[in-house]
>>> print(open('protein-v6.txt').read())   # compact mmCIF, N, CA, C and O atoms
# COMPACT_ATOMS: atom_id res chain seq x y z
N MET J 1 147.30 140.95 106.17
CA MET J 1 146.10 141.69 105.87
C MET J 1 145.93 142.75 106.96
O MET J 1 146.18 142.49 108.13
N ARG J 2 145.52 143.93 106.54
CA ARG J 2 145.29 145.04 107.47
C ARG J 2 143.82 145.44 107.40
O ARG J 2 143.30 145.74 106.33
N VAL J 3 143.16 145.46 108.57
CA VAL J 3 141.75 145.82 108.68
C VAL J 3 141.64 147.02 109.59
O VAL J 3 142.22 147.04 110.68
N ALA J 4 140.89 148.03 109.16
CA ALA J 4 140.70 149.24 109.96
C ALA J 4 139.23 149.40 110.33
O ALA J 4 138.36 149.27 109.49
N PHE J 5 138.98 149.68 111.61
CA PHE J 5 137.65 149.98 112.11
C PHE J 5 137.67 151.44 112.54
O PHE J 5 138.40 151.81 113.45
N VAL J 6 136.89 152.27 111.84
CA VAL J 6 136.98 153.71 112.07
C VAL J 6 135.61 154.36 112.19
O VAL J 6 134.61 153.86 111.68
N CYS J 7 135.61 155.48 112.88
CA CYS J 7 134.42 156.33 112.99
C CYS J 7 134.91 157.74 113.29
O CYS J 7 136.11 158.02 113.18
N VAL J 8 134.03 158.61 113.65
CA VAL J 8 134.44 159.99 113.89
C VAL J 8 135.20 160.10 115.21
O VAL J 8 136.34 160.55 115.24
N GLN J 9 134.59 159.69 116.32
CA GLN J 9 135.22 159.88 117.63
C GLN J 9 136.10 158.72 118.09
O GLN J 9 136.88 158.88 119.02
N ASN J 10 135.99 157.57 117.50
CA ASN J 10 136.74 156.39 117.91
C ASN J 10 136.57 156.11 119.39
O ASN J 10 137.49 155.74 120.10
N ALA J 11 135.34 156.28 119.86
CA ALA J 11 135.07 156.12 121.29
C ALA J 11 133.92 155.15 121.57
O ALA J 11 133.60 154.91 122.73
N GLY J 12 133.34 154.59 120.52
CA GLY J 12 132.19 153.71 120.71
C GLY J 12 132.26 152.49 119.83
O GLY J 12 133.01 151.55 120.10
N ARG J 13 131.49 152.51 118.74
CA ARG J 13 131.37 151.34 117.87
C ARG J 13 132.70 150.85 117.32
O ARG J 13 132.95 149.64 117.27
N SER J 14 133.56 151.74 116.91
CA SER J 14 134.84 151.29 116.34
C SER J 14 135.73 150.64 117.40
O SER J 14 136.46 149.69 117.10
N GLN J 15 135.65 151.11 118.63
CA GLN J 15 136.41 150.47 119.71
C GLN J 15 135.85 149.08 120.00
O GLN J 15 136.61 148.13 120.22
N MET J 16 134.51 148.96 119.98
CA MET J 16 133.90 147.64 120.22
C MET J 16 134.26 146.68 119.09
O MET J 16 134.65 145.53 119.36
N ALA J 17 134.15 147.12 117.86
CA ALA J 17 134.46 146.27 116.72
C ALA J 17 135.92 145.83 116.76
O ALA J 17 136.24 144.66 116.49
N THR J 18 136.80 146.74 117.11
CA THR J 18 138.22 146.42 117.21
C THR J 18 138.46 145.35 118.28
O THR J 18 139.20 144.38 118.05
N ALA J 19 137.84 145.52 119.43
CA ALA J 19 138.02 144.56 120.52
C ALA J 19 137.50 143.17 120.13
O ALA J 19 138.16 142.15 120.40
N PHE J 20 136.34 143.12 119.48
CA PHE J 20 135.82 141.82 119.03
C PHE J 20 136.74 141.20 117.96
O PHE J 20 136.99 140.00 117.97
N ALA J 21 137.24 142.03 117.06
CA ALA J 21 138.14 141.52 116.01
C ALA J 21 139.44 141.00 116.62
O ALA J 21 139.97 139.98 116.19
N GLU J 22 139.96 141.71 117.62
CA GLU J 22 141.18 141.26 118.28
C GLU J 22 140.97 139.92 118.98
O GLU J 22 141.82 139.03 118.93
N ARG J 23 139.81 139.77 119.61
CA ARG J 23 139.51 138.50 120.27
C ARG J 23 139.39 137.38 119.24
O ARG J 23 139.92 136.28 119.44
N GLU J 24 138.72 137.66 118.15
CA GLU J 24 138.56 136.66 117.09
C GLU J 24 139.92 136.29 116.48
O GLU J 24 140.19 135.11 116.22
N ARG J 25 140.75 137.29 116.27
CA ARG J 25 142.09 137.03 115.73
C ARG J 25 142.88 136.11 116.65
O ARG J 25 143.53 135.16 116.20
N ALA J 26 142.80 136.36 117.95
CA ALA J 26 143.49 135.52 118.92
C ALA J 26 142.90 134.11 118.95
O ALA J 26 143.66 133.13 118.97
N ASP J 27 141.59 134.01 118.95
CA ASP J 27 140.94 132.69 118.98
C ASP J 27 141.30 131.85 117.77
O ASP J 27 141.42 130.63 117.86
N ARG J 28 141.48 132.50 116.63
CA ARG J 28 141.82 131.78 115.39
C ARG J 28 143.32 131.57 115.21
O ARG J 28 143.75 130.89 114.28
N GLY J 29 144.11 132.21 116.08
CA GLY J 29 145.56 132.06 116.00
C GLY J 29 146.18 132.68 114.76
O GLY J 29 147.15 132.14 114.22
N VAL J 30 145.65 133.82 114.33
CA VAL J 30 146.16 134.46 113.11
C VAL J 30 146.77 135.84 113.42
O VAL J 30 146.75 136.74 112.59
N GLY J 31 147.35 135.96 114.62
CA GLY J 31 147.93 137.23 115.03
C GLY J 31 149.02 137.74 114.10
O GLY J 31 149.18 138.95 113.93
N ASP J 32 149.75 136.83 113.47
CA ASP J 32 150.83 137.23 112.57
C ASP J 32 150.30 137.59 111.18
O ASP J 32 151.03 138.16 110.37
N GLU J 33 149.06 137.25 110.91
CA GLU J 33 148.51 137.43 109.57
C GLU J 33 147.55 138.61 109.44
O GLU J 33 147.33 139.10 108.33
N VAL J 34 146.98 139.06 110.56
CA VAL J 34 145.96 140.10 110.52
C VAL J 34 146.36 141.25 111.44
O VAL J 34 146.51 141.07 112.64
N GLU J 35 146.51 142.42 110.85
CA GLU J 35 146.77 143.64 111.62
C GLU J 35 145.46 144.39 111.76
O GLU J 35 144.72 144.54 110.79
N ILE J 36 145.16 144.85 112.96
CA ILE J 36 143.92 145.55 113.22
C ILE J 36 144.24 146.98 113.64
O ILE J 36 145.07 147.21 114.53
N LEU J 37 143.58 147.92 113.00
CA LEU J 37 143.79 149.34 113.23
C LEU J 37 142.46 149.97 113.60
O LEU J 37 141.42 149.59 113.04
N THR J 38 142.48 150.91 114.50
CA THR J 38 141.27 151.68 114.80
C THR J 38 141.64 153.14 114.96
O THR J 38 142.76 153.48 115.33
N GLY J 39 140.68 154.01 114.67
CA GLY J 39 140.91 155.45 114.81
C GLY J 39 139.69 156.23 114.42
O GLY J 39 138.68 155.68 113.98
N GLY J 40 139.81 157.53 114.57
CA GLY J 40 138.71 158.44 114.23
C GLY J 40 139.24 159.72 113.62
O GLY J 40 140.43 160.02 113.70
N THR J 41 138.34 160.46 113.01
CA THR J 41 138.73 161.73 112.39
C THR J 41 138.73 162.87 113.40
O THR J 41 139.44 163.85 113.22
N GLN J 42 137.93 162.73 114.45
CA GLN J 42 137.89 163.72 115.53
C GLN J 42 137.79 162.95 116.85
O GLN J 42 136.72 162.88 117.45
N PRO J 43 138.90 162.35 117.31
CA PRO J 43 138.85 161.46 118.46
C PRO J 43 138.36 162.13 119.74
O PRO J 43 138.70 163.29 120.00
N ALA J 44 137.58 161.39 120.49
CA ALA J 44 137.11 161.84 121.80
C ALA J 44 138.27 161.73 122.80
O ALA J 44 139.34 161.19 122.48
N GLU J 45 138.04 162.20 124.00
CA GLU J 45 139.08 162.13 125.03
C GLU J 45 139.19 160.74 125.64
O GLU J 45 140.25 160.35 126.13
N HIS J 46 138.09 159.98 125.63
CA HIS J 46 138.10 158.65 126.23
C HIS J 46 137.01 157.80 125.59
O HIS J 46 136.10 158.32 124.95
N VAL J 47 137.13 156.51 125.76
CA VAL J 47 136.11 155.58 125.28
C VAL J 47 134.87 155.80 126.14
O VAL J 47 134.96 155.98 127.36
N HIS J 48 133.70 155.81 125.51
CA HIS J 48 132.44 156.05 126.23
C HIS J 48 132.26 155.03 127.35
O HIS J 48 132.51 153.83 127.18
N GLU J 49 131.81 155.51 128.51
CA GLU J 49 131.62 154.65 129.68
C GLU J 49 130.63 153.52 129.40
O GLU J 49 130.82 152.39 129.88
N GLY J 50 129.60 153.79 128.62
CA GLY J 50 128.64 152.75 128.27
C GLY J 50 129.28 151.62 127.48
O GLY J 50 128.92 150.46 127.62
N VAL J 51 130.24 151.97 126.64
CA VAL J 51 130.98 150.98 125.86
C VAL J 51 131.83 150.13 126.79
O VAL J 51 131.86 148.90 126.68
N VAL J 52 132.52 150.77 127.71
CA VAL J 52 133.37 150.05 128.67
C VAL J 52 132.50 149.06 129.46
O VAL J 52 132.86 147.89 129.60
N ALA J 53 131.35 149.52 129.93
CA ALA J 53 130.45 148.66 130.72
C ALA J 53 129.89 147.51 129.88
O ALA J 53 129.86 146.36 130.33
N SER J 54 129.48 147.81 128.67
CA SER J 54 128.93 146.77 127.79
C SER J 54 129.96 145.71 127.45
O SER J 54 129.67 144.51 127.46
N MET J 55 131.15 146.14 127.14
CA MET J 55 132.21 145.20 126.78
C MET J 55 132.63 144.36 127.99
O MET J 55 132.93 143.17 127.86
N ARG J 56 132.61 144.97 129.16
CA ARG J 56 132.93 144.23 130.38
C ARG J 56 131.95 143.08 130.57
O ARG J 56 132.33 141.98 130.99
N ARG J 57 130.68 143.31 130.23
CA ARG J 57 129.66 142.27 130.38
C ARG J 57 129.92 141.06 129.48
O ARG J 57 129.44 139.97 129.77
N VAL J 58 130.64 141.24 128.40
CA VAL J 58 130.96 140.11 127.51
C VAL J 58 132.41 139.64 127.69
O VAL J 58 132.94 138.91 126.86
N GLY J 59 133.03 140.10 128.76
CA GLY J 59 134.36 139.62 129.10
C GLY J 59 135.52 140.29 128.40
O GLY J 59 136.61 139.72 128.33
N ILE J 60 135.30 141.49 127.89
CA ILE J 60 136.38 142.22 127.21
C ILE J 60 136.60 143.56 127.92
O ILE J 60 135.66 144.33 128.09
N ASP J 61 137.83 143.82 128.32
CA ASP J 61 138.17 145.06 129.02
C ASP J 61 138.73 146.08 128.03
O ASP J 61 139.80 145.86 127.45
N VAL J 62 138.02 147.17 127.83
CA VAL J 62 138.51 148.25 126.96
C VAL J 62 138.75 149.53 127.77
O VAL J 62 138.93 150.60 127.19
N SER J 63 138.78 149.40 129.08
CA SER J 63 138.90 150.58 129.95
C SER J 63 140.23 151.31 129.79
O SER J 63 140.32 152.50 130.09
N ASP J 64 141.25 150.63 129.30
CA ASP J 64 142.56 151.26 129.16
C ASP J 64 142.81 151.83 127.77
O ASP J 64 143.89 152.34 127.49
N ARG J 65 141.82 151.78 126.91
CA ARG J 65 142.00 152.25 125.53
C ARG J 65 141.76 153.74 125.42
O ARG J 65 140.95 154.31 126.14
N THR J 66 142.45 154.35 124.48
CA THR J 66 142.32 155.78 124.23
C THR J 66 142.01 155.99 122.76
O THR J 66 142.72 155.48 121.89
N PRO J 67 140.95 156.75 122.47
CA PRO J 67 140.66 157.07 121.07
C PRO J 67 141.86 157.76 120.43
O PRO J 67 142.58 158.53 121.07
N ARG J 68 142.05 157.47 119.15
CA ARG J 68 143.20 158.04 118.44
C ARG J 68 142.75 158.54 117.07
O ARG J 68 141.75 158.10 116.53
N GLU J 69 143.53 159.42 116.53
CA GLU J 69 143.26 159.95 115.19
C GLU J 69 143.79 158.97 114.14
O GLU J 69 144.85 158.37 114.30
N VAL J 70 143.03 158.83 113.08
CA VAL J 70 143.45 157.99 111.97
C VAL J 70 143.76 158.91 110.79
O VAL J 70 143.12 159.94 110.60
N SER J 71 144.75 158.54 110.01
CA SER J 71 145.14 159.37 108.87
C SER J 71 144.64 158.76 107.56
O SER J 71 144.44 157.54 107.48
N PRO J 72 144.48 159.59 106.55
CA PRO J 72 144.12 159.05 105.23
C PRO J 72 145.13 158.02 104.74
O PRO J 72 144.76 157.02 104.12
N ASP J 73 146.41 158.22 105.02
CA ASP J 73 147.43 157.26 104.59
C ASP J 73 147.23 155.90 105.26
O ASP J 73 147.40 154.86 104.62
N GLU J 74 146.87 155.90 106.54
CA GLU J 74 146.62 154.64 107.22
C GLU J 74 145.44 153.90 106.57
O GLU J 74 145.51 152.69 106.36
N LEU J 75 144.40 154.63 106.25
CA LEU J 75 143.22 154.01 105.64
C LEU J 75 143.53 153.50 104.24
O LEU J 75 143.07 152.43 103.85
N GLN J 76 144.32 154.25 103.50
CA GLN J 76 144.65 153.81 102.14
C GLN J 76 145.56 152.59 102.15
O GLN J 76 145.57 151.82 101.18
N SER J 77 146.27 152.37 103.24
CA SER J 77 147.14 151.19 103.32
C SER J 77 146.39 149.95 103.83
O SER J 77 146.94 148.86 103.84
N ALA J 78 145.13 150.12 104.24
CA ALA J 78 144.35 149.00 104.74
C ALA J 78 143.73 148.21 103.58
O ALA J 78 143.35 148.77 102.56
N ASP J 79 143.64 146.90 103.80
CA ASP J 79 142.96 146.05 102.82
C ASP J 79 141.45 146.19 102.94
O ASP J 79 140.73 146.11 101.95
N TYR J 80 140.99 146.38 104.16
CA TYR J 80 139.56 146.57 104.42
C TYR J 80 139.39 147.72 105.39
O TYR J 80 140.10 147.80 106.39
N VAL J 81 138.44 148.61 105.10
CA VAL J 81 138.12 149.72 105.99
C VAL J 81 136.64 149.61 106.32
O VAL J 81 135.79 149.64 105.43
N VAL J 82 136.36 149.46 107.61
CA VAL J 82 134.98 149.36 108.08
C VAL J 82 134.65 150.66 108.81
O VAL J 82 135.26 150.97 109.84
N THR J 83 133.73 151.42 108.24
CA THR J 83 133.32 152.67 108.88
C THR J 83 131.97 152.46 109.55
O THR J 83 131.16 151.65 109.10
N MET J 84 131.74 153.21 110.61
CA MET J 84 130.48 153.05 111.32
C MET J 84 130.07 154.35 111.99
O MET J 84 130.90 155.14 112.41
N GLY J 85 128.77 154.57 112.00
CA GLY J 85 128.23 155.73 112.68
C GLY J 85 128.49 157.05 111.99
O GLY J 85 128.42 158.10 112.60
N CYS J 86 128.79 157.03 110.71
CA CYS J 86 129.12 158.26 110.00
C CYS J 86 127.89 158.85 109.32
O CYS J 86 127.26 158.18 108.52
N ALA J 87 127.62 160.09 109.64
CA ALA J 87 126.57 160.80 108.95
C ALA J 87 127.07 162.16 108.46
O ALA J 87 126.44 162.78 107.61
N ALA J 88 128.19 162.59 108.99
CA ALA J 88 128.73 163.91 108.64
C ALA J 88 129.76 163.76 107.54
O ALA J 88 130.87 163.27 107.76
N ALA J 89 129.42 164.15 106.34
CA ALA J 89 130.28 163.94 105.17
C ALA J 89 131.66 164.59 105.31
O ALA J 89 132.64 164.07 104.80
N ASP J 90 131.75 165.71 106.02
CA ASP J 90 133.04 166.41 106.10
C ASP J 90 134.03 165.75 107.06
O ASP J 90 135.22 166.02 107.00
N VAL J 91 133.57 164.86 107.94
CA VAL J 91 134.48 164.20 108.88
C VAL J 91 134.43 162.69 108.81
O VAL J 91 135.20 162.00 109.47
N CYS J 92 133.56 162.13 107.99
CA CYS J 92 133.43 160.68 107.90
C CYS J 92 134.60 160.09 107.16
O CYS J 92 134.88 160.46 106.01
N PRO J 93 135.32 159.14 107.77
CA PRO J 93 136.48 158.54 107.09
C PRO J 93 136.10 157.72 105.86
O PRO J 93 136.98 157.35 105.09
N ALA J 94 134.84 157.43 105.67
CA ALA J 94 134.42 156.64 104.50
C ALA J 94 134.72 157.38 103.20
O ALA J 94 134.86 156.76 102.15
N THR J 95 134.86 158.66 103.25
CA THR J 95 135.10 159.45 102.04
C THR J 95 136.59 159.56 101.72
O THR J 95 136.95 160.19 100.74
N TRP J 96 137.44 158.90 102.49
CA TRP J 96 138.88 159.04 102.34
C TRP J 96 139.49 158.02 101.39
O TRP J 96 140.70 157.97 101.23
N GLY J 97 138.71 157.18 100.82
CA GLY J 97 139.22 156.26 99.79
C GLY J 97 140.11 155.15 100.29
O GLY J 97 141.07 154.78 99.66
N GLY J 98 139.79 154.59 101.44
CA GLY J 98 140.57 153.49 102.00
C GLY J 98 140.34 152.22 101.22
O GLY J 98 139.55 152.16 100.32
>>> encode(input="protein-v6.txt", output="structure tokens")
Amino acid sequence: MRVAFVCVQNAGRSQMATAFAERERADRGVGDEVEILTGGTQPAEHVHEGVVASMRRVGIDVSDRTPREVSPDELQSADYVVTMGCAAADVCPATWGG
């Protein structure tokens, strides 16, 4: 199964959701069964500092992550696409038919 967590900048909520999903996947021992993808339509240069600090408080280090661009093909190949923080119709990945 492939799950994608996406937003516009891939620097906040989608990074947090991805990190929590990765931790859950590891805790459940389903690493071979669940692929997790994250990305954005207009990626930022770095993960927001507030996100890094918040995640550190719950024991997850995202300081080494870099926002990345996601493609329509990647979203269409996902079984589930979770979009967040989208208000701009022209850049929101929710309109890409994942």
>>> residues_around(input="protein-v6.txt", residues="Gln15 of chain J", least_positions_apart="5", cutoff="6 Å", atoms="all atoms listed in the file", output="ChimeraX atom specification")
/J:5,10,20
>>> atom_distance(input="protein-v6.txt", atom1="atom O of Val6 of chain J", atom2="atom O of Gly59 of chain J")
21.9 Å
>>> residues_around(input="protein-v6.txt", residues="segment 34-49 of chain J", least_positions_apart="6", cutoff="4.5 Å", atoms="only N, CA, C and O atoms", output="MDAnalysis selection string")
chainID J and resid 1:11 65 67:70
>>> atom_distance(input="protein-v6.txt", atom1="atom CA of Met16 of chain J", atom2="atom CA of Val52 of chain J")
8.8 Å
>>> select_by_dssp(input="protein-v6.txt", residues="chain J", states="strand (DSSP E or B)", output="list of chain:residue names")
J:Arg2, J:Val3, J:Ala4, J:Phe5, J:Val6, J:Cys7, J:Glu35, J:Ile36, J:Leu37, J:Thr38, J:Gly39, J:Gly40, J:Glu69, J:Tyr80, J:Val81, J:Val82, J:Thr83
>>> atom_distance(input="protein-v6.txt", atom1="atom N of Pro72 of chain J", atom2="atom C of Asp32 of chain J")
23.2 Å
>>> select_by_dssp(input="protein-v6.txt", residues="segment 39-95 of chain J", states="alpha helix (DSSP H)", output="PDB file with N, CA, C and O atoms, in the frame of the given file")
ATOM      1  N   GLU J  49     131.810 155.510 128.510  1.00  0.00           N
ATOM      2  CA  GLU J  49     131.620 154.650 129.680  1.00  0.00           C
ATOM      3  C   GLU J  49     130.630 153.520 129.400  1.00  0.00           C
ATOM      4  O   GLU J  49     130.820 152.390 129.880  1.00  0.00           O
ATOM      5  N   GLY J  50     129.600 153.790 128.620  1.00  0.00           N
ATOM      6  CA  GLY J  50     128.640 152.750 128.270  1.00  0.00           C
ATOM      7  C   GLY J  50     129.280 151.620 127.480  1.00  0.00           C
ATOM      8  O   GLY J  50     128.920 150.460 127.620  1.00  0.00           O
ATOM      9  N   VAL J  51     130.240 151.970 126.640  1.00  0.00           N
ATOM     10  CA  VAL J  51     130.980 150.980 125.860  1.00  0.00           C
ATOM     11  C   VAL J  51     131.830 150.130 126.790  1.00  0.00           C
ATOM     12  O   VAL J  51     131.860 148.900 126.680  1.00  0.00           O
ATOM     13  N   VAL J  52     132.520 150.770 127.710  1.00  0.00           N
ATOM     14  CA  VAL J  52     133.370 150.050 128.670  1.00  0.00           C
ATOM     15  C   VAL J  52     132.500 149.060 129.460  1.00  0.00           C
ATOM     16  O   VAL J  52     132.860 147.890 129.600  1.00  0.00           O
ATOM     17  N   ALA J  53     131.350 149.520 129.930  1.00  0.00           N
ATOM     18  CA  ALA J  53     130.450 148.660 130.720  1.00  0.00           C
ATOM     19  C   ALA J  53     129.890 147.510 129.880  1.00  0.00           C
ATOM     20  O   ALA J  53     129.860 146.360 130.330  1.00  0.00           O
ATOM     21  N   SER J  54     129.480 147.810 128.670  1.00  0.00           N
ATOM     22  CA  SER J  54     128.930 146.770 127.790  1.00  0.00           C
ATOM     23  C   SER J  54     129.960 145.710 127.450  1.00  0.00           C
ATOM     24  O   SER J  54     129.670 144.510 127.460  1.00  0.00           O
ATOM     25  N   MET J  55     131.150 146.140 127.140  1.00  0.00           N
ATOM     26  CA  MET J  55     132.210 145.200 126.780  1.00  0.00           C
ATOM     27  C   MET J  55     132.630 144.360 127.990  1.00  0.00           C
ATOM     28  O   MET J  55     132.930 143.170 127.860  1.00  0.00           O
ATOM     29  N   ARG J  56     132.610 144.970 129.160  1.00  0.00           N
ATOM     30  CA  ARG J  56     132.930 144.230 130.380  1.00  0.00           C
ATOM     31  C   ARG J  56     131.950 143.080 130.570  1.00  0.00           C
ATOM     32  O   ARG J  56     132.330 141.980 130.990  1.00  0.00           O
ATOM     33  N   ARG J  57     130.680 143.310 130.230  1.00  0.00           N
ATOM     34  CA  ARG J  57     129.660 142.270 130.380  1.00  0.00           C
ATOM     35  C   ARG J  57     129.920 141.060 129.480  1.00  0.00           C
ATOM     36  O   ARG J  57     129.440 139.970 129.770  1.00  0.00           O
ATOM     37  N   PRO J  72     144.480 159.590 106.550  1.00  0.00           N
ATOM     38  CA  PRO J  72     144.120 159.050 105.230  1.00  0.00           C
ATOM     39  C   PRO J  72     145.130 158.020 104.740  1.00  0.00           C
ATOM     40  O   PRO J  72     144.760 157.020 104.120  1.00  0.00           O
ATOM     41  N   ASP J  73     146.410 158.220 105.020  1.00  0.00           N
ATOM     42  CA  ASP J  73     147.430 157.260 104.590  1.00  0.00           C
ATOM     43  C   ASP J  73     147.230 155.900 105.260  1.00  0.00           C
ATOM     44  O   ASP J  73     147.400 154.860 104.620  1.00  0.00           O
ATOM     45  N   GLU J  74     146.870 155.900 106.540  1.00  0.00           N
ATOM     46  CA  GLU J  74     146.620 154.640 107.220  1.00  0.00           C
ATOM     47  C   GLU J  74     145.440 153.900 106.570  1.00  0.00           C
ATOM     48  O   GLU J  74     145.510 152.690 106.360  1.00  0.00           O
ATOM     49  N   LEU J  75     144.400 154.630 106.250  1.00  0.00           N
ATOM     50  CA  LEU J  75     143.220 154.010 105.640  1.00  0.00           C
ATOM     51  C   LEU J  75     143.530 153.500 104.240  1.00  0.00           C
ATOM     52  O   LEU J  75     143.070 152.430 103.850  1.00  0.00           O
ATOM     53  N   GLN J  76     144.320 154.250 103.500  1.00  0.00           N
ATOM     54  CA  GLN J  76     144.650 153.810 102.140  1.00  0.00           C
ATOM     55  C   GLN J  76     145.560 152.590 102.150  1.00  0.00           C
ATOM     56  O   GLN J  76     145.570 151.820 101.180  1.00  0.00           O
TER      57      GLN J  76
END
>>> closest_residue(input="protein-v6.txt", among="J:Gly29, J:Glu74, J:Val82, J:Arg57", to="Arg13 of chain J", atoms="all atoms listed in the file")
J:Val82
>>> decode(input="protein-v6.txt", residues="segment 17-34 of chain J", atoms="N, CA, C and O atoms", output="PDB file, in the first residue's frame")
ATOM      1  N   ALA J  17       2.879  14.805   9.420  1.00  0.00           N
ATOM      2  CA  ALA J  17       2.052  13.627   9.186  1.00  0.00           C
ATOM      3  C   ALA J  17       2.905  12.454   8.706  1.00  0.00           C
ATOM      4  O   ALA J  17       2.716  11.312   9.143  1.00  0.00           O
ATOM      5  N   THR J  18       3.853  12.734   7.841  1.00  0.00           N
ATOM      6  CA  THR J  18       4.746  11.694   7.341  1.00  0.00           C
ATOM      7  C   THR J  18       5.563  11.093   8.474  1.00  0.00           C
ATOM      8  O   THR J  18       5.688   9.862   8.581  1.00  0.00           O
ATOM      9  N   ALA J  19       6.108  11.939   9.328  1.00  0.00           N
ATOM     10  CA  ALA J  19       6.925  11.450  10.442  1.00  0.00           C
ATOM     11  C   ALA J  19       6.097  10.596  11.400  1.00  0.00           C
ATOM     12  O   ALA J  19       6.559   9.536  11.856  1.00  0.00           O
ATOM     13  N   PHE J  20       4.877  11.030  11.706  1.00  0.00           N
ATOM     14  CA  PHE J  20       4.020  10.224  12.579  1.00  0.00           C
ATOM     15  C   PHE J  20       3.649   8.895  11.909  1.00  0.00           C
ATOM     16  O   PHE J  20       3.628   7.846  12.558  1.00  0.00           O
ATOM     17  N   ALA J  21       3.375   8.935  10.618  1.00  0.00           N
ATOM     18  CA  ALA J  21       3.033   7.703   9.894  1.00  0.00           C
ATOM     19  C   ALA J  21       4.222   6.746   9.860  1.00  0.00           C
ATOM     20  O   ALA J  21       4.056   5.530  10.006  1.00  0.00           O
ATOM     21  N   GLU J  22       5.418   7.278   9.668  1.00  0.00           N
ATOM     22  CA  GLU J  22       6.613   6.434   9.659  1.00  0.00           C
ATOM     23  C   GLU J  22       6.824   5.776  11.021  1.00  0.00           C
ATOM     24  O   GLU J  22       7.171   4.599  11.105  1.00  0.00           O
ATOM     25  N   ARG J  23       6.588   6.542  12.083  1.00  0.00           N
ATOM     26  CA  ARG J  23       6.734   5.970  13.421  1.00  0.00           C
ATOM     27  C   ARG J  23       5.688   4.881  13.652  1.00  0.00           C
ATOM     28  O   ARG J  23       5.999   3.808  14.180  1.00  0.00           O
ATOM     29  N   GLU J  24       4.471   5.136  13.232  1.00  0.00           N
ATOM     30  CA  GLU J  24       3.399   4.149  13.392  1.00  0.00           C
ATOM     31  C   GLU J  24       3.697   2.890  12.573  1.00  0.00           C
ATOM     32  O   GLU J  24       3.483   1.769  13.048  1.00  0.00           O
ATOM     33  N   ARG J  25       4.184   3.083  11.364  1.00  0.00           N
ATOM     34  CA  ARG J  25       4.545   1.941  10.512  1.00  0.00           C
ATOM     35  C   ARG J  25       5.606   1.073  11.191  1.00  0.00           C
ATOM     36  O   ARG J  25       5.504  -0.152  11.212  1.00  0.00           O
ATOM     37  N   ALA J  26       6.605   1.720  11.772  1.00  0.00           N
ATOM     38  CA  ALA J  26       7.658   0.986  12.474  1.00  0.00           C
ATOM     39  C   ALA J  26       7.114   0.288  13.718  1.00  0.00           C
ATOM     40  O   ALA J  26       7.441  -0.881  13.959  1.00  0.00           O
ATOM     41  N   ASP J  27       6.299   0.980  14.486  1.00  0.00           N
ATOM     42  CA  ASP J  27       5.729   0.383  15.705  1.00  0.00           C
ATOM     43  C   ASP J  27       4.878  -0.839  15.392  1.00  0.00           C
ATOM     44  O   ASP J  27       4.838  -1.794  16.162  1.00  0.00           O
ATOM     45  N   ARG J  28       4.195  -0.818  14.257  1.00  0.00           N
ATOM     46  CA  ARG J  28       3.327  -1.940  13.873  1.00  0.00           C
ATOM     47  C   ARG J  28       4.074  -3.026  13.102  1.00  0.00           C
ATOM     48  O   ARG J  28       3.511  -4.080  12.807  1.00  0.00           O
ATOM     49  N   GLY J  29       5.327  -2.740  12.734  1.00  0.00           N
ATOM     50  CA  GLY J  29       6.123  -3.727  12.017  1.00  0.00           C
ATOM     51  C   GLY J  29       5.628  -4.008  10.610  1.00  0.00           C
ATOM     52  O   GLY J  29       5.714  -5.145  10.143  1.00  0.00           O
ATOM     53  N   VAL J  30       5.135  -2.983   9.924  1.00  0.00           N
ATOM     54  CA  VAL J  30       4.600  -3.180   8.573  1.00  0.00           C
ATOM     55  C   VAL J  30       5.417  -2.408   7.525  1.00  0.00           C
ATOM     56  O   VAL J  30       4.887  -1.986   6.498  1.00  0.00           O
ATOM     57  N   GLY J  31       6.717  -2.280   7.787  1.00  0.00           N
ATOM     58  CA  GLY J  31       7.581  -1.539   6.874  1.00  0.00           C
ATOM     59  C   GLY J  31       7.597  -2.082   5.456  1.00  0.00           C
ATOM     60  O   GLY J  31       7.741  -1.326   4.500  1.00  0.00           O
ATOM     61  N   ASP J  32       7.418  -3.396   5.311  1.00  0.00           N
ATOM     62  CA  ASP J  32       7.428  -4.000   3.984  1.00  0.00           C
ATOM     63  C   ASP J  32       6.078  -3.866   3.282  1.00  0.00           C
ATOM     64  O   ASP J  32       5.981  -4.117   2.084  1.00  0.00           O
ATOM     65  N   GLU J  33       5.065  -3.476   4.019  1.00  0.00           N
ATOM     66  CA  GLU J  33       3.708  -3.436   3.466  1.00  0.00           C
ATOM     67  C   GLU J  33       3.206  -2.032   3.150  1.00  0.00           C
ATOM     68  O   GLU J  33       2.280  -1.884   2.353  1.00  0.00           O
ATOM     69  N   VAL J  34       3.794  -1.011   3.780  1.00  0.00           N
ATOM     70  CA  VAL J  34       3.296   0.354   3.630  1.00  0.00           C
ATOM     71  C   VAL J  34       4.426   1.264   3.174  1.00  0.00           C
ATOM     72  O   VAL J  34       5.430   1.416   3.865  1.00  0.00           O
TER      73      VAL J  34
END
